[in-house]
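Asker: final.txt is reproduced below (compact mmCIF, C-alpha atoms).
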# COMPACT_ATOMS: atom_id res chain seq x y z
CA MET W 8 229.11 65.65 37.25
CA LYS W 9 226.20 65.01 34.87
CA GLN W 10 224.61 62.75 37.40
CA TRP W 11 224.91 65.39 40.09
CA ILE W 12 223.34 68.03 37.79
CA GLU W 13 220.48 65.66 36.92
CA LYS W 14 219.87 64.87 40.58
CA ASN W 15 220.32 68.41 41.86
CA GLY W 16 219.34 70.42 38.72
CA LEU W 17 216.74 72.53 40.47
CA ILE W 18 219.19 73.42 43.24
CA ALA W 19 221.90 74.33 40.68
CA ILE W 20 219.51 76.59 38.77
CA LEU W 21 218.39 78.34 41.96
CA LEU W 22 222.01 78.74 43.04
CA ALA W 23 223.00 80.29 39.66
CA PHE W 24 219.93 82.56 39.75
CA GLY W 25 220.76 83.72 43.30
CA LEU W 26 224.38 84.49 42.42
CA SER W 27 223.39 86.47 39.32
CA PHE W 28 220.80 88.40 41.36
CA MET W 29 223.42 89.35 43.96
CA ILE W 30 225.91 90.49 41.30
CA PHE W 31 223.38 92.67 39.45
CA SER W 32 222.01 94.22 42.62
CA ASN W 33 225.54 95.08 43.75
CA VAL W 34 226.29 96.83 40.43
CA PHE W 35 223.15 99.00 40.61
CA ASN W 36 223.60 99.70 44.31
CA SER W 37 227.16 101.04 43.85
CA SER W 38 226.01 103.71 41.34
CA SER W 39 223.38 105.02 43.76
CA SER W 40 225.94 105.21 46.57
CA LYS W 41 228.14 107.37 44.31
CA GLN W 42 225.21 109.74 43.83
CA VAL W 43 224.74 110.00 47.58
CA GLN W 44 228.44 110.77 48.02
CA GLN W 45 228.26 113.54 45.41
CA GLU W 46 225.20 115.08 47.06
CA THR W 47 226.89 115.13 50.47
CA THR W 48 230.05 116.77 49.10
CA GLN W 49 227.94 119.46 47.41
CA ALA W 50 226.12 120.14 50.68
CA VAL W 51 229.44 120.54 52.47
CA PHE W 52 230.67 123.03 49.86
CA ARG W 53 227.48 125.06 50.21
CA GLN W 54 228.13 125.34 53.91
CA THR W 55 231.62 126.67 53.32
CA ASP W 56 230.25 129.31 50.92
CA GLU W 57 227.84 130.48 53.62
CA GLU W 58 230.63 130.43 56.18
CA LYS W 59 232.77 132.57 53.85
CA LYS W 60 229.97 135.13 53.58
CA LEU W 61 229.55 135.19 57.35
CA LYS W 62 233.31 135.63 57.75
CA GLN W 63 233.28 138.53 55.28
CA ILE W 64 230.45 140.19 57.20
CA SER W 65 232.30 139.66 60.47
CA ASP W 66 235.49 141.11 58.97
CA TYR W 67 233.63 144.24 57.84
CA GLU W 68 232.03 144.64 61.27
CA LYS W 69 235.36 144.27 63.09
CA ARG W 70 237.08 146.72 60.76
CA TYR W 71 234.36 149.35 61.26
CA GLU W 72 234.32 148.77 65.02
CA GLN W 73 238.09 149.20 65.33
CA GLN W 74 238.18 152.38 63.24
CA LEU W 75 235.25 153.91 65.13
CA LYS W 76 236.70 152.97 68.51
CA GLU W 77 239.98 154.72 67.72
CA ALA W 78 238.24 157.82 66.38
CA LEU W 79 235.73 158.10 69.23
CA GLU W 80 238.35 157.70 71.96
CA ALA W 81 240.13 160.74 70.49
CA ILE W 82 237.09 163.00 71.12
CA VAL W 83 237.31 165.34 74.13
CA GLY W 84 235.29 164.01 77.06
CA VAL W 85 235.07 160.46 75.75
CA GLY W 86 236.83 157.76 77.73
CA GLU W 87 236.90 154.03 77.13
CA VAL W 88 234.65 153.00 74.20
CA LYS W 89 232.96 149.77 73.09
CA VAL W 90 231.49 149.78 69.55
CA ILE W 91 229.22 147.22 67.89
CA VAL W 92 228.42 147.59 64.18
CA ASN W 93 225.72 145.48 62.51
CA VAL W 94 226.32 145.05 58.76
CA ASP W 95 223.50 144.02 56.43
CA ALA W 96 225.30 141.74 53.95
CA THR W 97 228.53 141.27 52.07
CA GLU W 98 229.76 143.70 49.44
CA GLN W 99 227.85 143.84 46.17
CA ASN W 100 229.29 143.90 42.68
CA VAL W 101 227.54 146.05 40.08
CA LEU W 102 227.93 144.32 36.73
CA GLU W 103 228.00 145.86 33.26
CA LYS W 104 225.01 144.92 31.09
CA ASN W 105 224.25 145.23 27.41
CA ALA W 106 220.69 146.46 27.10
CA ILE W 107 218.63 146.20 23.93
CA ILE W 108 215.47 148.27 24.12
CA GLN W 109 212.85 147.91 21.41
CA LYS W 110 209.92 150.30 21.09
CA LYS W 111 207.11 149.76 18.67
CA ARG W 112 204.21 152.15 18.07
CA THR W 113 201.26 151.24 15.87
CA MET W 114 198.43 153.54 14.80
CA GLU W 115 195.22 151.81 13.73
CA GLU W 116 192.08 153.22 12.16
CA ASP W 117 188.97 151.16 11.61
CA LYS W 118 186.30 151.61 8.90
CA GLU W 119 184.04 153.55 11.22
CA GLY W 120 186.61 156.26 11.89
CA GLY W 121 187.84 154.99 15.28
CA LYS W 122 191.51 155.45 16.04
CA ARG W 123 193.75 153.74 18.52
CA GLN W 124 197.42 153.75 19.29
CA ILE W 125 199.29 150.64 20.48
CA GLU W 126 202.70 150.94 22.11
CA ASP W 127 204.92 147.94 22.78
CA GLU W 128 208.23 148.15 24.61
CA SER W 129 210.62 145.30 25.37
CA THR W 130 213.99 145.26 27.11
CA ASP W 131 216.62 142.55 26.88
CA GLU W 132 219.61 142.77 29.22
CA LYS W 133 222.66 140.53 29.11
CA ILE W 134 225.66 140.64 31.43
CA VAL W 135 228.94 141.53 29.71
CA ILE W 136 231.41 138.64 29.97
CA VAL W 137 235.17 139.18 29.59
CA ARG W 138 237.37 136.28 28.55
CA LYS W 139 240.86 135.92 29.94
CA GLY W 140 242.35 132.79 28.45
CA ASP W 141 240.07 129.93 29.43
CA GLU W 142 238.27 131.89 32.15
CA GLU W 143 235.09 133.88 31.64
CA THR W 144 234.27 136.54 34.21
CA PRO W 145 231.59 139.23 34.30
CA LEU W 146 232.70 142.84 33.88
CA VAL W 147 232.43 144.57 37.28
CA LEU W 148 231.68 148.32 37.14
CA GLN W 149 231.95 148.92 40.88
CA THR W 150 231.94 147.17 44.21
CA LYS W 151 229.59 148.59 46.85
CA LYS W 152 230.30 148.32 50.55
CA PRO W 153 227.60 146.59 52.58
CA GLU W 154 224.87 148.69 54.19
CA ILE W 155 225.00 149.24 57.92
CA ARG W 156 221.86 148.29 59.86
CA GLY W 157 222.82 149.89 63.15
CA VAL W 158 225.58 151.01 65.50
CA LEU W 159 225.82 150.72 69.27
CA VAL W 160 228.35 152.87 71.13
CA VAL W 161 228.94 152.43 74.86
CA ALA W 162 231.35 155.07 76.11
CA LYS W 163 232.53 156.72 79.30
CA GLY W 164 231.44 160.34 79.22
CA ALA W 165 228.37 159.64 77.05
CA ASP W 166 226.14 160.71 79.95
CA GLN W 167 226.97 164.35 79.08
CA VAL W 168 224.62 165.70 76.40
CA GLN W 169 227.28 167.51 74.34
CA VAL W 170 229.60 164.46 74.28
CA LYS W 171 226.70 162.24 73.24
CA LYS W 172 225.86 164.65 70.37
CA TRP W 173 229.49 164.58 69.23
CA ILE W 174 229.53 160.77 69.27
CA VAL W 175 226.28 160.55 67.25
CA GLU W 176 227.54 163.11 64.76
CA ALA W 177 230.88 161.32 64.35
CA VAL W 178 229.23 157.94 63.76
CA THR W 179 226.55 159.23 61.38
CA ARG W 180 229.03 161.12 59.24
CA THR W 181 231.72 158.45 59.26
CA LEU W 182 229.46 155.53 58.32
CA ASN W 183 226.76 157.51 56.47
CA VAL W 184 224.09 156.11 58.80
CA PRO W 185 220.95 158.01 59.85
CA SER W 186 220.96 159.08 63.50
CA HIS W 187 217.99 156.87 64.38
CA ARG W 188 220.20 153.84 63.69
CA VAL W 189 222.85 154.94 66.20
CA ALA W 190 222.50 154.20 69.91
CA VAL W 191 224.88 155.88 72.35
CA LEU W 192 224.85 154.75 75.96
CA PRO W 193 227.01 155.69 78.98
CA LYS W 194 229.51 153.14 80.26
CA LYS W 195 229.87 152.14 83.93
Go ahead and express the file in the form of structure tokens.
Answerer:
Amino acid sequence: MKQWIEKNGLIAILLAFGLSFMIFSNVFNSSSSKQVQQETTQAVFRQTDEEKKLKQISDYEKRYEQQLKEALEAIVGVGEVKVIVNVDATEQNVLEKNAIIQKKRTMEEDKEGGKRQIEDESTDEKIVIVRKGDEETPLVLQTKKPEIRGVLVVAKGADQVQVKKWIVEAVTRTLNVPSHRVAVLPKK
């Protein structure tokens, strides 16, 4: 064996160096592949959050559409109705905040008789957190429904002026939407 090492010493050293290089590069490479896997799973979860928001918006729109359709079809002179409601965003939670307001007023007079008043006001707001066991959640004061961008109503009988006025009035009062955001068109 000694004779072989003496004859092929340079080859043995290169072989050992090559093996150690492959082992170390494999160790460092596996940690970077774990980072890539974590980044891809986070991206997938972000997509599901956006999909949940879109589903919530769609659910609100469908609920409004169904309620309006039923109500509008009950109006005299209105036949078959198709309603499309466009909702701005998902519902919004209004959170409770602790506010610390500091006001500071300073009056200065210089030697020459000049006077000046300096007012400084600072506000520090922090969200109130409620602990339930191990969980910490913000204190929600109220949940606001999403705003409605616009409403389209296509109805049989909407070609009559009085029926169209009734439909616009019903939609504006039901959804608290200004009349310029409501379109009423006659159906074939």
Asker: Using atom CA of W:Lys152 and atom CA of W:Val92 as the two end points, give the distance in Å to one decimal.
Answerer: 13.8 Å
Asker: Residues near W:Thr130, anyone? I mean within 8 Å using only C-alpha atoms, not counting same-chain ones fewer than 6 positions away, as a list in words.
Answerer: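 So, after excluding close chain neighbours, the residues are Ala106, Ile107, Ile108 and Gln109 of chain W.
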Asker: Write out as a PyMOL selection string each polymer residue whose atoms come within 10 Å of W:Val85, counting only C-alpha atoms; drop sequence neighbours fewer than 6 positions from it.
Answerer: chain W and resi 79+162-167+170-171+173-174+193
Asker: May I ask which of the residues W:Arg112, W:Asp127, W:Lys89, W:Asn105 is the closest one to W:Lys195, counting all atoms listed in the file?
Answerer: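 The closest residue to W:Lys195 is W:Lys89.
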Asker: Could you tell me how far atom CA of W:Gly86 sits from atom CA of W:Val184, in Å to one decimal place?
Answerer: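 About the pair atom CA of W:Val184 and atom CA of W:Gly86: they are 22.9 Å apart.
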Asker: Kindly indicate which residue among W:Met114, W:Ser27, W:Val90, W:Lys139 lies nearest to W:Val189, using all atoms listed in the file for the distances.
Answerer: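 When distances to W:Val189 are compared using all atoms listed in the file, the smallest one comes from W:Val90.
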Asker: For W:Asn183, list every protein, DNA or RNA residue within 10 Å, evaluated using all atoms listed in the file, and leave out those in the same chain fewer than 6 positions away; present the list as an mmCIF file with C-alpha atoms, keeping the file's coordinate frame.
Answerer:
data_model
loop_
_atom_site.group_PDB
_atom_site.id
_atom_site.type_symbol
_atom_site.label_atom_id
_atom_site.label_comp_id
_atom_site.auth_asym_id
_atom_site.auth_seq_id
_atom_site.Cartn_x
_atom_site.Cartn_y
_atom_site.Cartn_z
ATOM 1 C CA GLU W 154 224.870 148.690 54.190
ATOM 2 C CA ILE W 155 225.000 149.240 57.920
ATOM 3 C CA ALA W 177 230.880 161.320 64.350
#
Asker: What does the structure give for the distance between atom CA of W:Val158 and atom CA of W:Glu176, in Å to one decimal?
Answerer: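 Interatomic distance here is 12.3 Å.
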Asker: Contacts of W:Asn93 at 12 Å or less, counting all atoms listed in the file, minus same-chain residues fewer than 5 places along, as a VMD selection string?
Answerer: chain W and resid 64 to 72 153 to 160 182 184 188 to 190
Asker: Distance cut-off 10 Å, centre (195.4, 150.2, 19.3) in file coordinates, counting all atoms listed in the file: which residues qualify? Return them as an NGL selection string.
Answerer: :W and (112-116 or 121-126)
Asker: Restrict the selected residues to C-alpha atoms and save them as a JSON list (two decimals), in the coordinates of the input.
Answerer:
[["chain", "number", "residue", "atom", "x", "y", "z"],
["W", 112, "ARG", "CA", 204.21, 152.15, 18.07],
["W", 113, "THR", "CA", 201.26, 151.24, 15.87],
["W", 114, "MET", "CA", 198.43, 153.54, 14.80],
["W", 115, "GLU", "CA", 195.22, 151.81, 13.73],
["W", 116, "GLU", "CA", 192.08, 153.22, 12.16],
["W", 121, "GLY", "CA", 187.84, 154.99, 15.28],
["W", 122, "LYS", "CA", 191.51, 155.45, 16.04],
["W", 123, "ARG", "CA", 193.75, 153.74, 18.52],
["W", 124, "GLN", "CA", 197.42, 153.75, 19.29],
["W", 125, "ILE", "CA", 199.29, 150.64, 20.48],
["W", 126, "GLU", "CA", 202.70, 150.94, 22.11]]
